[in-house]
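Participant: Next comes input.txt, compact mmCIF, C-alpha atoms and all ligand atoms:
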```txt
# COMPACT_ATOMS: atom_id res chain seq x y z
CA MET Q 1 11.44 22.21 -2.36
CA SER Q 2 10.47 25.14 -0.16
CA ALA Q 3 7.35 24.99 1.96
CA ARG Q 4 5.66 27.47 -0.39
CA GLU Q 5 6.22 25.27 -3.43
CA ARG Q 6 4.89 22.15 -1.76
CA PRO Q 7 1.73 20.79 -3.30
CA ALA Q 8 -1.45 20.87 -1.25
CA LEU Q 9 -2.15 17.37 0.01
CA GLY Q 10 -5.20 15.51 -1.21
CA VAL Q 11 -6.24 12.93 -3.80
CA ASP Q 12 -9.67 12.46 -5.31
CA THR Q 13 -8.98 10.34 -8.40
CA GLU Q 14 -6.58 7.67 -9.63
CA VAL Q 15 -5.32 9.73 -12.54
CA GLY Q 16 -5.17 13.45 -11.70
CA THR Q 17 -1.66 14.84 -12.27
CA LEU Q 18 0.51 13.38 -9.56
CA ARG Q 19 2.26 15.96 -7.36
CA ALA Q 20 3.50 14.11 -4.27
CA VAL Q 21 3.91 10.49 -3.36
CA LEU Q 22 5.04 8.34 -0.43
CA LEU Q 23 7.53 5.61 -1.35
CA HIS Q 24 9.65 3.26 0.68
CA ARG Q 25 13.13 2.52 -0.66
CA PRO Q 26 13.61 -1.17 0.15
CA GLY Q 27 16.28 -1.64 2.78
CA ASP Q 28 17.64 -4.18 5.21
CA GLU Q 29 14.20 -5.64 5.82
CA LEU Q 30 14.54 -7.40 2.43
CA LYS Q 31 17.80 -8.97 3.63
CA ARG Q 32 15.81 -10.84 6.25
CA LEU Q 33 14.07 -12.99 3.65
CA THR Q 34 15.19 -16.64 3.56
CA PRO Q 35 13.83 -19.71 1.76
CA ARG Q 36 12.21 -20.69 5.06
CA ASN Q 37 10.36 -17.47 5.76
CA ASN Q 38 9.67 -15.93 2.34
CA ASP Q 39 6.23 -17.49 1.90
CA GLN Q 40 5.06 -16.32 5.27
CA LEU Q 41 6.53 -12.88 4.57
CA LEU Q 42 4.62 -12.76 1.25
CA PHE Q 43 7.56 -12.82 -1.18
CA ASP Q 44 7.78 -15.35 -4.00
CA GLY Q 45 11.55 -15.47 -3.95
CA LEU Q 46 14.58 -13.81 -2.44
CA PRO Q 47 15.20 -10.47 -4.14
CA TRP Q 48 18.75 -9.36 -4.89
CA VAL Q 49 18.57 -6.38 -2.58
CA ASP Q 50 21.15 -4.09 -4.20
CA ARG Q 51 19.46 -4.48 -7.56
CA ALA Q 52 16.02 -3.95 -6.02
CA GLN Q 53 17.32 -0.69 -4.56
CA ASP Q 54 18.69 0.38 -7.95
CA GLU Q 55 15.35 -0.39 -9.58
CA HIS Q 56 13.54 1.53 -6.87
CA ASP Q 57 15.89 4.52 -7.18
CA ALA Q 58 15.18 4.56 -10.92
CA PHE Q 59 11.43 4.46 -10.19
CA ALA Q 60 11.76 7.40 -7.79
CA ASP Q 61 13.82 9.30 -10.40
CA VAL Q 62 11.14 8.75 -13.03
CA LEU Q 63 8.60 10.27 -10.66
CA ARG Q 64 10.86 13.21 -9.79
CA GLY Q 65 11.53 13.70 -13.49
CA HIS Q 66 7.80 14.18 -13.94
CA GLY Q 67 7.71 16.87 -11.27
CA VAL Q 68 6.48 14.62 -8.46
CA GLU Q 69 7.71 15.27 -4.93
CA VAL Q 70 8.92 11.95 -3.52
CA LEU Q 71 8.72 11.47 0.23
CA LEU Q 72 10.56 8.44 1.56
CA LEU Q 73 8.98 6.56 4.42
CA ALA Q 74 12.25 5.87 6.25
CA ASP Q 75 13.14 9.58 6.26
CA LEU Q 76 9.70 10.55 7.55
CA LEU Q 77 9.91 7.83 10.18
CA THR Q 78 13.32 8.95 11.43
CA GLU Q 79 12.25 12.60 11.48
CA THR Q 80 9.11 11.68 13.40
CA LEU Q 81 11.00 9.56 15.93
CA THR Q 82 13.53 12.36 16.39
CA THR Q 83 10.97 14.98 17.26
CA SER Q 84 8.16 13.11 18.97
CA GLY Q 85 8.46 11.13 22.18
CA ALA Q 86 4.87 9.96 21.74
CA ALA Q 87 5.74 8.54 18.31
CA ARG Q 88 8.68 6.63 19.80
CA MET Q 89 6.43 5.11 22.46
CA GLN Q 90 3.84 4.18 19.84
CA GLY Q 91 6.40 2.56 17.54
CA ILE Q 92 8.03 0.61 20.35
CA ALA Q 93 4.73 -0.54 21.82
CA ALA Q 94 3.62 -1.93 18.45
CA ALA Q 95 6.93 -3.73 17.88
CA VAL Q 96 7.51 -5.31 21.27
CA ASP Q 97 5.02 -8.10 21.77
CA PRO Q 98 4.93 -9.50 25.32
CA ARG Q 99 2.87 -12.49 24.16
CA LYS Q 100 5.79 -13.57 22.05
CA LEU Q 101 8.67 -12.35 24.19
CA GLY Q 102 7.35 -12.87 27.70
CA HIS Q 103 7.17 -9.99 30.14
CA ALA Q 104 10.80 -10.07 31.26
CA LEU Q 105 12.32 -9.73 27.82
CA ALA Q 106 9.57 -7.42 26.55
CA GLU Q 107 10.16 -4.95 29.37
CA ASP Q 108 13.94 -5.01 29.01
CA LEU Q 109 13.74 -4.64 25.25
CA ALA Q 110 11.28 -1.75 25.42
CA ALA Q 111 13.55 0.00 27.94
CA HIS Q 112 16.52 -0.53 25.65
CA LEU Q 113 14.69 0.78 22.58
CA ARG Q 114 13.58 3.90 24.42
CA GLY Q 115 17.26 4.82 24.64
CA VAL Q 116 18.44 4.18 21.08
CA PRO Q 117 18.91 7.08 18.63
CA ALA Q 118 16.09 7.76 16.19
CA VAL Q 119 17.97 6.54 13.10
CA GLU Q 120 18.71 3.23 14.75
CA LEU Q 121 15.19 2.87 16.11
CA SER Q 122 13.79 3.56 12.66
CA ALA Q 123 16.02 0.81 11.23
CA ILE Q 124 14.93 -1.66 13.92
CA LEU Q 125 11.24 -0.88 13.45
CA THR Q 126 11.50 -1.60 9.71
CA ALA Q 127 14.16 -4.32 9.45
CA GLY Q 128 13.29 -6.01 12.75
CA MET Q 129 15.76 -7.61 15.14
CA THR Q 130 17.03 -11.15 15.67
CA PHE Q 131 17.84 -12.80 18.99
CA ASP Q 132 21.51 -12.65 17.94
CA GLU Q 133 21.21 -8.89 17.64
CA LEU Q 134 19.81 -8.35 21.12
CA PRO Q 135 22.21 -6.19 23.07
CA ILE Q 136 24.12 -8.34 25.56
CA GLY Q 137 22.45 -6.98 28.68
CA THR Q 138 18.88 -7.21 27.38
CA GLY Q 139 16.94 -9.87 29.18
CA ALA Q 140 19.71 -10.29 31.73
CA ALA Q 141 18.13 -8.14 34.42
CA THR Q 142 15.35 -10.69 34.78
CA PRO Q 143 16.14 -14.19 33.49
CA SER Q 144 14.29 -14.89 30.25
CA LEU Q 145 13.38 -18.43 29.24
CA VAL Q 146 12.33 -17.00 25.89
CA ARG Q 147 15.81 -15.73 25.22
CA LEU Q 148 17.39 -19.02 26.29
CA MET Q 149 15.12 -21.15 24.15
CA HIS Q 150 15.14 -19.19 20.90
CA HIS Q 151 17.54 -19.72 18.02
CA GLY Q 152 19.78 -16.73 17.32
CA ALA Q 153 18.29 -16.23 13.85
CA ASP Q 154 14.70 -16.05 15.17
CA PHE Q 155 13.10 -12.63 15.19
CA VAL Q 156 12.59 -10.70 18.41
CA ILE Q 157 10.92 -8.08 16.22
CA ASP Q 158 9.66 -9.22 12.84
CA PRO Q 159 10.97 -7.41 9.74
CA LEU Q 160 8.54 -5.61 7.41
CA PRO Q 161 9.68 -6.47 3.86
CA ASN Q 162 6.30 -5.45 2.41
CA LEU Q 163 6.70 -1.86 3.58
CA LEU Q 164 7.89 -1.34 0.02
CA PHE Q 165 4.22 -1.50 -1.00
CA THR Q 166 3.24 1.82 0.55
CA ARG Q 167 -0.10 1.68 -1.23
CA ASP Q 168 -1.47 -0.80 1.24
CA SER Q 169 -0.70 0.68 4.66
CA SER Q 170 -2.33 4.07 4.06
CA PHE Q 171 -4.33 5.81 1.35
CA TRP Q 172 -5.92 9.19 0.77
CA VAL Q 173 -9.52 10.09 0.04
CA GLY Q 174 -10.01 13.77 -0.73
CA GLY Q 175 -8.09 15.84 1.78
CA ARG Q 176 -7.84 13.05 4.35
CA PHE Q 177 -5.56 10.10 4.90
CA ALA Q 178 -6.71 6.67 6.05
CA ILE Q 179 -4.58 4.28 8.05
CA THR Q 180 -5.51 0.81 6.95
CA SER Q 181 -6.07 -2.33 8.92
CA LEU Q 182 -3.92 -4.96 7.18
CA ALA Q 183 -5.28 -8.47 7.00
CA LEU Q 184 -2.22 -10.69 7.26
CA ALA Q 185 0.07 -11.13 10.25
CA ALA Q 186 3.18 -10.36 8.17
CA ARG Q 187 1.89 -6.86 7.44
CA VAL Q 188 -0.21 -5.79 10.43
CA ARG Q 189 2.55 -3.73 12.05
CA GLU Q 190 3.16 -1.63 8.93
CA ALA Q 191 0.13 0.46 9.82
CA SER Q 192 1.63 1.36 13.20
CA LEU Q 193 4.42 3.14 11.31
CA THR Q 194 2.20 4.99 8.86
CA ASP Q 195 -0.05 5.87 11.78
CA LEU Q 196 2.72 7.46 13.80
CA ILE Q 197 4.12 9.32 10.77
CA TYR Q 198 0.79 10.87 9.82
CA ALA Q 199 -0.05 11.60 13.44
CA HIS Q 200 3.24 13.26 14.40
CA HIS Q 201 5.22 14.40 11.35
CA PRO Q 202 4.94 18.18 10.84
CA ARG Q 203 4.26 17.71 7.12
CA PHE Q 204 0.86 16.24 7.97
CA ARG Q 205 -0.07 18.62 10.76
CA GLY Q 206 -3.72 19.58 10.61
CA VAL Q 207 -4.65 16.84 8.12
CA ARG Q 208 -7.62 14.80 9.28
CA ARG Q 209 -8.21 11.07 9.17
CA ALA Q 210 -10.68 9.09 7.16
CA TYR Q 211 -11.79 5.64 8.33
CA GLU Q 212 -10.90 6.60 11.86
CA SER Q 213 -10.61 3.89 14.50
CA HIS Q 214 -12.15 1.19 12.33
CA THR Q 215 -10.59 -2.22 12.72
CA ALA Q 216 -12.14 -4.39 10.00
CA PRO Q 217 -9.51 -5.19 7.37
CA VAL Q 218 -9.15 -2.73 4.49
CA GLU Q 219 -5.95 -2.51 2.41
CA GLY Q 220 -5.10 0.38 0.10
CA GLY Q 221 -4.47 -1.94 -2.87
CA ASP Q 222 -8.19 -2.67 -2.83
CA VAL Q 223 -9.27 0.97 -2.86
CA LEU Q 224 -9.64 2.70 -6.24
CA LEU Q 225 -10.84 6.28 -6.52
CA LEU Q 226 -12.77 5.86 -9.77
CA ALA Q 227 -13.97 9.46 -9.89
CA PRO Q 228 -14.52 12.22 -7.34
CA GLY Q 229 -17.02 10.80 -4.83
CA VAL Q 230 -16.91 7.28 -6.34
CA ILE Q 231 -14.76 4.59 -4.75
CA ALA Q 232 -14.34 0.93 -5.74
CA VAL Q 233 -13.27 -1.45 -2.97
CA GLY Q 234 -12.06 -4.96 -3.75
CA VAL Q 235 -13.31 -7.59 -1.30
CA GLY Q 236 -11.31 -10.80 -1.21
CA GLU Q 237 -8.16 -12.12 0.38
CA ARG Q 238 -7.43 -8.85 2.17
CA THR Q 239 -10.34 -6.42 2.50
CA THR Q 240 -13.35 -8.12 4.08
CA PRO Q 241 -17.05 -7.35 3.53
CA ALA Q 242 -17.10 -5.79 7.01
CA GLY Q 243 -14.10 -3.66 6.06
CA ALA Q 244 -15.73 -2.44 2.84
CA GLU Q 245 -18.96 -1.68 4.68
CA ALA Q 246 -17.20 0.20 7.45
CA LEU Q 247 -15.13 2.19 4.95
CA ALA Q 248 -18.26 3.07 2.99
CA ARG Q 249 -20.10 4.34 6.05
CA SER Q 250 -17.09 6.27 7.18
CA VAL Q 251 -16.47 8.05 3.85
CA PHE Q 252 -20.19 8.78 3.55
CA GLU Q 253 -20.37 10.30 7.01
CA ASP Q 254 -17.29 12.42 6.33
CA GLY Q 255 -18.74 13.62 3.02
CA LEU Q 256 -15.83 12.12 1.05
CA ALA Q 257 -17.91 9.95 -1.30
CA HIS Q 258 -21.49 9.32 -2.36
CA THR Q 259 -21.01 5.88 -3.94
CA VAL Q 260 -18.87 2.90 -2.99
CA LEU Q 261 -18.71 -0.17 -5.23
CA ALA Q 262 -17.86 -3.36 -3.33
CA VAL Q 263 -16.18 -5.64 -5.86
CA PRO Q 264 -15.75 -9.34 -5.01
CA ILE Q 265 -12.38 -10.67 -6.18
CA GLU Q 266 -11.09 -14.20 -6.09
CA GLN Q 267 -9.28 -15.05 -2.89
CA THR Q 268 -6.01 -16.09 -4.45
CA ARG Q 269 -2.50 -14.77 -4.35
CA ALA Q 270 -2.68 -13.71 -8.00
CA SER Q 271 -5.58 -11.38 -7.21
CA MET Q 272 -4.77 -10.38 -3.66
CA HIS Q 273 -5.93 -6.80 -4.27
CA LEU Q 274 -8.30 -5.17 -6.73
CA ASP Q 275 -5.34 -3.29 -8.24
CA THR Q 276 -3.81 -6.59 -9.38
CA VAL Q 277 -6.64 -7.09 -11.87
CA LEU Q 278 -7.38 -3.51 -12.91
CA THR Q 279 -6.07 0.00 -12.59
CA MET Q 280 -7.15 3.29 -14.13
CA VAL Q 281 -4.98 4.71 -16.88
CA ASP Q 282 -7.21 7.63 -17.85
CA SER Q 283 -10.31 9.29 -16.41
CA ASP Q 284 -12.55 6.87 -18.34
CA THR Q 285 -10.17 3.98 -19.07
CA VAL Q 286 -8.90 0.95 -17.17
CA VAL Q 287 -6.32 -1.68 -17.98
CA MET Q 288 -7.87 -4.96 -16.96
CA TYR Q 289 -7.24 -8.68 -16.81
CA PRO Q 290 -9.50 -10.15 -19.51
CA VAL Q 291 -10.32 -13.22 -17.42
CA VAL Q 292 -12.28 -11.05 -14.98
CA ARG Q 293 -13.55 -8.56 -17.55
CA ASP Q 294 -16.92 -10.25 -18.04
CA THR Q 295 -17.36 -11.76 -14.62
CA LEU Q 296 -16.36 -8.97 -12.26
CA SER Q 297 -19.39 -7.68 -10.41
CA ALA Q 298 -20.15 -4.96 -7.91
CA TYR Q 299 -22.55 -4.17 -5.12
CA THR Q 300 -23.36 -0.48 -5.27
CA ILE Q 301 -23.57 1.24 -1.90
CA ARG Q 302 -25.11 4.70 -2.13
CA TYR Q 303 -25.62 7.44 0.35
CA LYS Q 304 -28.36 9.96 0.07
CA ASP Q 305 -29.94 12.18 2.66
CA GLY Q 306 -28.33 10.27 5.51
CA LEU Q 307 -29.50 6.87 4.29
CA VAL Q 308 -27.43 3.99 2.96
CA ALA Q 309 -28.83 1.77 0.19
CA ILE Q 310 -27.18 -1.31 -1.29
CA GLY Q 311 -27.94 -2.53 -4.81
CA GLY Q 312 -26.60 -5.27 -7.06
CA PRO Q 313 -24.64 -7.30 -7.73
CA GLU Q 314 -24.38 -6.09 -11.32
CA PRO Q 315 -21.56 -6.27 -13.87
CA PHE Q 316 -18.72 -4.13 -12.55
CA LEU Q 317 -18.12 -2.19 -15.77
CA GLU Q 318 -21.75 -1.13 -15.96
CA ALA Q 319 -22.07 -0.27 -12.29
CA ALA Q 320 -18.85 1.74 -12.44
CA ALA Q 321 -19.92 3.74 -15.52
CA VAL Q 322 -23.27 4.60 -13.91
CA ALA Q 323 -21.64 5.63 -10.63
CA MET Q 324 -19.04 7.72 -12.47
CA GLY Q 325 -21.68 9.36 -14.64
CA ILE Q 326 -20.05 8.31 -17.94
CA ASP Q 327 -21.44 6.30 -20.85
CA LYS Q 328 -18.84 3.58 -20.79
CA LEU Q 329 -15.66 2.64 -19.01
CA ARG Q 330 -13.11 1.94 -21.74
CA VAL Q 331 -11.15 -1.29 -21.19
CA ILE Q 332 -7.65 -2.15 -22.36
CA ASP Q 333 -6.98 -5.86 -21.96
CA THR Q 334 -3.79 -7.18 -20.38
CA GLY Q 335 -3.36 -9.47 -23.37
CA LEU Q 336 -5.75 -11.48 -25.47
CA ASP Q 337 -3.74 -14.68 -25.54
CA HIS Q 338 -4.66 -16.52 -22.34
CA VAL Q 339 -1.14 -17.53 -21.44
CA VAL Q 340 0.35 -14.10 -22.10
CA ALA Q 341 -2.44 -12.43 -20.15
CA GLU Q 342 -2.02 -14.78 -17.21
CA ARG Q 343 1.73 -14.23 -17.12
CA GLU Q 344 1.49 -10.46 -17.41
CA GLN Q 345 -1.27 -10.25 -14.82
CA TRP Q 346 0.95 -12.20 -12.42
CA ASP Q 347 3.83 -9.82 -13.18
CA ASP Q 348 1.70 -6.80 -12.33
CA GLY Q 349 0.95 -5.75 -15.90
CA ASN Q 350 -2.36 -4.32 -14.67
CA ASN Q 351 -0.74 -2.55 -11.77
CA THR Q 352 0.02 0.83 -13.32
CA LEU Q 353 0.58 4.14 -11.55
CA ALA Q 354 -0.91 7.13 -13.35
CA LEU Q 355 1.28 10.24 -13.55
CA ALA Q 356 -1.50 12.18 -15.26
CA PRO Q 357 -4.59 11.27 -17.29
CA GLY Q 358 -3.35 8.96 -20.05
CA VAL Q 359 0.24 8.69 -18.73
CA VAL Q 360 1.26 5.71 -16.60
CA VAL Q 361 4.31 4.03 -15.09
CA ALA Q 362 4.45 0.29 -15.81
CA TYR Q 363 6.93 -2.57 -15.51
CA GLU Q 364 8.89 -2.93 -18.77
CA ARG Q 365 8.64 -6.73 -18.74
CA ASN Q 366 4.92 -6.72 -19.57
CA ALA Q 367 5.58 -6.04 -23.24
CA GLU Q 368 2.19 -7.06 -24.58
CA THR Q 369 0.14 -5.09 -22.07
CA ASN Q 370 2.32 -2.03 -22.54
CA ALA Q 371 2.01 -2.27 -26.32
CA ARG Q 372 -1.75 -2.60 -26.00
CA MET Q 373 -1.92 0.48 -23.83
CA GLU Q 374 0.16 2.45 -26.32
CA ALA Q 375 -2.05 1.28 -29.16
CA SER Q 376 -4.92 2.84 -27.17
CA ASP Q 377 -3.06 6.16 -26.88
CA ILE Q 378 -1.85 5.74 -23.33
CA GLU Q 379 1.70 6.93 -22.75
CA VAL Q 380 3.69 4.24 -20.93
CA VAL Q 381 6.77 5.12 -18.91
CA ARG Q 382 8.61 1.84 -18.39
CA ILE Q 383 10.61 0.87 -15.33
CA ALA Q 384 12.62 -2.25 -14.50
CA GLY Q 385 11.15 -4.48 -11.82
CA SER Q 386 12.84 -7.85 -11.98
CA GLU Q 387 13.76 -7.75 -8.30
CA LEU Q 388 11.05 -5.42 -7.02
CA GLY Q 389 8.45 -7.69 -8.59
CA SER Q 390 9.43 -10.69 -6.49
CA GLY Q 391 7.20 -9.30 -3.75
CA ARG Q 392 4.27 -9.37 -6.24
CA GLY Q 393 3.65 -5.68 -6.48
CA GLY Q 394 3.92 -3.18 -9.30
CA PRO Q 395 4.19 0.61 -9.63
CA ARG Q 396 0.75 1.26 -8.12
CA CYS Q 397 1.44 -0.92 -5.09
CA MET Q 398 4.75 0.80 -4.51
CA ALA Q 399 3.33 4.30 -4.34
CA CYS Q 400 0.89 6.04 -2.05
CA PRO Q 401 -0.15 9.28 -3.77
CA LEU Q 402 -0.36 12.19 -1.33
CA ALA Q 403 -1.31 14.89 -3.81
CA ARG Q 404 -2.94 14.82 -7.20
CA ASP Q 405 -4.46 17.70 -9.13
CA PRO Q 406 -8.22 17.59 -9.51
CA LEU Q 407 -9.32 16.58 -13.02
CA GLY Q 408 -9.85 19.61 -15.24
N1 LIG V 501 -1.51 -3.15 -3.73
C1 LIG V 501 -0.88 -4.28 -3.98
N2 LIG V 501 -1.27 -5.06 -4.96
N3 LIG V 501 0.11 -4.64 -3.17
C2 LIG V 501 0.93 -5.78 -3.38
C3 LIG V 501 1.42 -6.30 -2.10
C4 LIG V 501 2.34 -7.46 -2.22
C5 LIG V 501 2.74 -8.03 -0.91
N4 LIG V 501 3.79 -8.98 -1.02
C6 LIG V 501 1.55 -8.71 -0.25
O1 LIG V 501 1.38 -9.88 -0.47
O2 LIG V 501 0.82 -8.13 0.48
```
What would you get if you wrote out this structure as structure tokens?
Facilitator:
Amino acid sequence: MSARERPALGVDTEVGTLRAVLLHRPGDELKRLTPRNNDQLLFDGLPWVDRAQDEHDAFADVLRGHGVEVLLLADLLTETLTTSGAARMQGIAAAVDPRKLGHALAEDLAAHLRGVPAVELSAILTAGMTFDELPIGTGAATPSLVRLMHHGADFVIDPLPNLLFTRDSSFWVGGRFAITSLALAARVREASLTDLIYAHHPRFRGVRRAYESHTAPVEGGDVLLLAPGVIAVGVGERTTPAGAEALARSVFEDGLAHTVLAVPIEQTRASMHLDTVLTMVDSDTVVMYPVVRDTLSAYTIRYKDGLVAIGGPEPFLEAAAVAMGIDKLRVIDTGLDHVVAEREQWDDGNNTLALAPGVVVAYERNAETNARMEASDIEVVRIAGSELGSGRGGPRCMACPLARDPLG
């Protein structure tokens, strides 16, 4: 794609025709998962990596087939590390933790990493490094107790298997990107990579930041752009009330939104993000887990003439319709049978990625939810996700839209 054909970056809804997206093809970081570390690394099992890659390639092909430009995070990372010394320093500083490694090993390791080629550094920053993989000389200059006392399979640099879920480590609001502040230790470092890519890769030159220098946790899976100027933010296991409040103030001050709905969600693994219980499939339609349909509520944060007002809580569906300026938000249920609905919610049946208004990508396994969407005139493009799904994330989690057309 030539520079002239590239879509202008910016996203102001969940469903405008998708033009460009950031994905991460799962790589060696998934090969780090073991039965001992998978819980801590937020995977429910050990994915078969080759198959996960095939499934992901098919997902990327579906997007390309619909005219979407697919940018791969590892390529952007390598290109950034090749051209920017500052990006290298930033990536290394975030990965080498002296509190864990001690000063001797941390200094030697950082010096070593400064000298490795960009492709290799990119691989280390994503897949991590074990003590066995430390180059022989590292830590030898100054004796390191840490090196002596660690098992060879322990991580010097932790792997980032959840990088696959590009939705969470950055998101766009209008013409700006936001680097998130991830809540759990296993994912915190992901944002250092998205941060250095957006800061230094030429593709993003001149693009400004939203939610700048805020530290309260906000994850992209909790942020739904319901309509231009209207954002819903899930508050639960990941995004905190302080995070939602800080995001609201920041988007208000930057003129990116006039209303933010803070939506409490249960703090459980099954509903870790708002997009696990509902996603938008059309400009006035959501697919939603029926168990939360009648109980989901929202605090409405509004901005007018420089003043912030908070109302509610009220039923989410009503608050959303009012904020969006529509009569009613149409709801498609995940499944009416409780057991089916619970299973399909767990398997990311609600986690759809809109390609255009009324056209979504969904996991094929959620047969009932997909059939229900089709019965409501939503076009469903099915993808396989048996291995990808073991990290508990669906098509929406695996994609960070960079460009969508405004709604007509
Ligand atoms: N937007 C999402 N729902 N992302 C899913 C992320 C899944 C990932 N394993 C985690 O626990 O963080």
Participant: Find the residues near His24 in chain Q: any atom within 9 Å, counting all atoms listed in the file, skip ones fewer than 3 places away on the same chain, and give them as a list in words.
Facilitator: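 Here the answer would be Gly27, His56, Leu71, Leu72, Leu73, Ala74, Leu163, Leu164, Phe165, Thr166, Met398 and Ala399 of chain Q.
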Participant: Determine the axis-aligned bounding box of all atoms of ligand LIG 501 (chain V) present in the file, pad each side by 3 Å, and express its centre and edge lengths in Å to one decimal place as lines of an AutoDock Vina configuration file.
Facilitator:
```
center_x = 1.1
center_y = -6.5
center_z = -2.2
size_x = 11.3
size_y = 12.7
size_z = 11.4
```
Participant: Find the residues near ligand LIG 501 (chain V). Use a cut-off of 6 Å, count only C-alpha atoms and all ligand atoms, and write them as a list in words.
Facilitator: Leu42, Phe43, Asn162, Phe165, Arg167, Asp168, Gly221, His273, Asp275, Thr276, Gly391, Arg392, Gly393 and Cys397 of chain Q
Participant: One decimal, Å: what's the distance from CA of Pro117 in chain Q over to CA of His151 in chain Q, could you say?
Facilitator: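 Separating CA of Pro117 in chain Q from CA of His151 in chain Q is a distance of 26.8 Å.
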Participant: Do you have the CA of Ala127 in chain Q-CA of Ala93 in chain Q distance handy?
Facilitator: 16.0 Å
Participant: Within 12 Å of Ile383 in chain Q, counting all atoms listed in the file, which residues show up once you throw out same-chain ones fewer than 3 positions away? Write them as an mmCIF file with C-alpha atoms, in the frame of the given file, please.
Facilitator:
```cif
data_model
loop_
_atom_site.group_PDB
_atom_site.id
_atom_site.type_symbol
_atom_site.label_atom_id
_atom_site.label_comp_id
_atom_site.auth_asym_id
_atom_site.auth_seq_id
_atom_site.Cartn_x
_atom_site.Cartn_y
_atom_site.Cartn_z
ATOM 1 C CA ALA Q 52 16.020 -3.950 -6.020
ATOM 2 C CA ASP Q 54 18.690 0.380 -7.950
ATOM 3 C CA GLU Q 55 15.350 -0.390 -9.580
ATOM 4 C CA HIS Q 56 13.540 1.530 -6.870
ATOM 5 C CA ASP Q 57 15.890 4.520 -7.180
ATOM 6 C CA ALA Q 58 15.180 4.560 -10.920
ATOM 7 C CA PHE Q 59 11.430 4.460 -10.190
ATOM 8 C CA ALA Q 60 11.760 7.400 -7.790
ATOM 9 C CA ASP Q 61 13.820 9.300 -10.400
ATOM 10 C CA VAL Q 62 11.140 8.750 -13.030
ATOM 11 C CA LEU Q 63 8.600 10.270 -10.660
ATOM 12 C CA GLY Q 349 0.950 -5.750 -15.900
ATOM 13 C CA THR Q 352 0.020 0.830 -13.320
ATOM 14 C CA LEU Q 353 0.580 4.140 -11.550
ATOM 15 C CA VAL Q 360 1.260 5.710 -16.600
ATOM 16 C CA VAL Q 361 4.310 4.030 -15.090
ATOM 17 C CA ALA Q 362 4.450 0.290 -15.810
ATOM 18 C CA TYR Q 363 6.930 -2.570 -15.510
ATOM 19 C CA GLU Q 364 8.890 -2.930 -18.770
ATOM 20 C CA ARG Q 365 8.640 -6.730 -18.740
ATOM 21 C CA ASN Q 366 4.920 -6.720 -19.570
ATOM 22 C CA ALA Q 367 5.580 -6.040 -23.240
ATOM 23 C CA ASN Q 370 2.320 -2.030 -22.540
ATOM 24 C CA VAL Q 380 3.690 4.240 -20.930
ATOM 25 C CA SER Q 386 12.840 -7.850 -11.980
ATOM 26 C CA GLU Q 387 13.760 -7.750 -8.300
ATOM 27 C CA LEU Q 388 11.050 -5.420 -7.020
ATOM 28 C CA GLY Q 389 8.450 -7.690 -8.590
ATOM 29 C CA GLY Q 394 3.920 -3.180 -9.300
ATOM 30 C CA PRO Q 395 4.190 0.610 -9.630
#
```
Participant: Under the rule that all atoms listed in the file are counted, which of Q:Arg203, Q:Cys400, Q:Met149, Q:Glu133 is the nearest residue to Pro7 in chain Q?
Facilitator: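 The answer is Q:Arg203, which sits nearest to Pro7 in chain Q.
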Participant: Where atoms are missing, can you supply N, CA and C atoms for range 154-163 of chain Q and output the lot as a PDB file, keeping the file's coordinate frame?
Facilitator:
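Okay, this is what ended up in selection06.pdb:
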```
ATOM      1  N   ASP Q 154      16.130 -16.363  15.016  1.00  0.00           N
ATOM      2  CA  ASP Q 154      14.700 -16.050  15.170  1.00  0.00           C
ATOM      3  C   ASP Q 154      14.534 -14.540  15.384  1.00  0.00           C
ATOM      4  N   PHE Q 155      13.339 -14.068  15.061  1.00  0.00           N
ATOM      5  CA  PHE Q 155      13.100 -12.630  15.190  1.00  0.00           C
ATOM      6  C   PHE Q 155      12.510 -12.271  16.555  1.00  0.00           C
ATOM      7  N   VAL Q 156      13.159 -11.316  17.199  1.00  0.00           N
ATOM      8  CA  VAL Q 156      12.590 -10.700  18.410  1.00  0.00           C
ATOM      9  C   VAL Q 156      11.517  -9.707  17.943  1.00  0.00           C
ATOM     10  N   ILE Q 157      11.881  -8.981  16.889  1.00  0.00           N
ATOM     11  CA  ILE Q 157      10.920  -8.080  16.220  1.00  0.00           C
ATOM     12  C   ILE Q 157      10.910  -8.483  14.755  1.00  0.00           C
ATOM     13  N   ASP Q 158       9.740  -8.762  14.228  1.00  0.00           N
ATOM     14  CA  ASP Q 158       9.660  -9.220  12.840  1.00  0.00           C
ATOM     15  C   ASP Q 158      10.007  -8.082  11.867  1.00  0.00           C
ATOM     16  N   PRO Q 159      10.689  -8.414  10.767  1.00  0.00           N
ATOM     17  CA  PRO Q 159      10.970  -7.410   9.740  1.00  0.00           C
ATOM     18  C   PRO Q 159       9.714  -7.127   8.923  1.00  0.00           C
ATOM     19  N   LEU Q 160       9.719  -6.000   8.213  1.00  0.00           N
ATOM     20  CA  LEU Q 160       8.540  -5.610   7.410  1.00  0.00           C
ATOM     21  C   LEU Q 160       8.932  -5.471   5.934  1.00  0.00           C
ATOM     22  N   PRO Q 161       9.229  -6.588   5.252  1.00  0.00           N
ATOM     23  CA  PRO Q 161       9.680  -6.470   3.860  1.00  0.00           C
ATOM     24  C   PRO Q 161       8.624  -5.876   2.923  1.00  0.00           C
ATOM     25  N   ASN Q 162       7.357  -5.967   3.294  1.00  0.00           N
ATOM     26  CA  ASN Q 162       6.300  -5.450   2.410  1.00  0.00           C
ATOM     27  C   ASN Q 162       6.029  -3.953   2.587  1.00  0.00           C
ATOM     28  N   LEU Q 163       6.828  -3.312   3.424  1.00  0.00           N
ATOM     29  CA  LEU Q 163       6.700  -1.860   3.580  1.00  0.00           C
ATOM     30  C   LEU Q 163       6.900  -1.146   2.247  1.00  0.00           C
TER      31      LEU Q 163
END
```
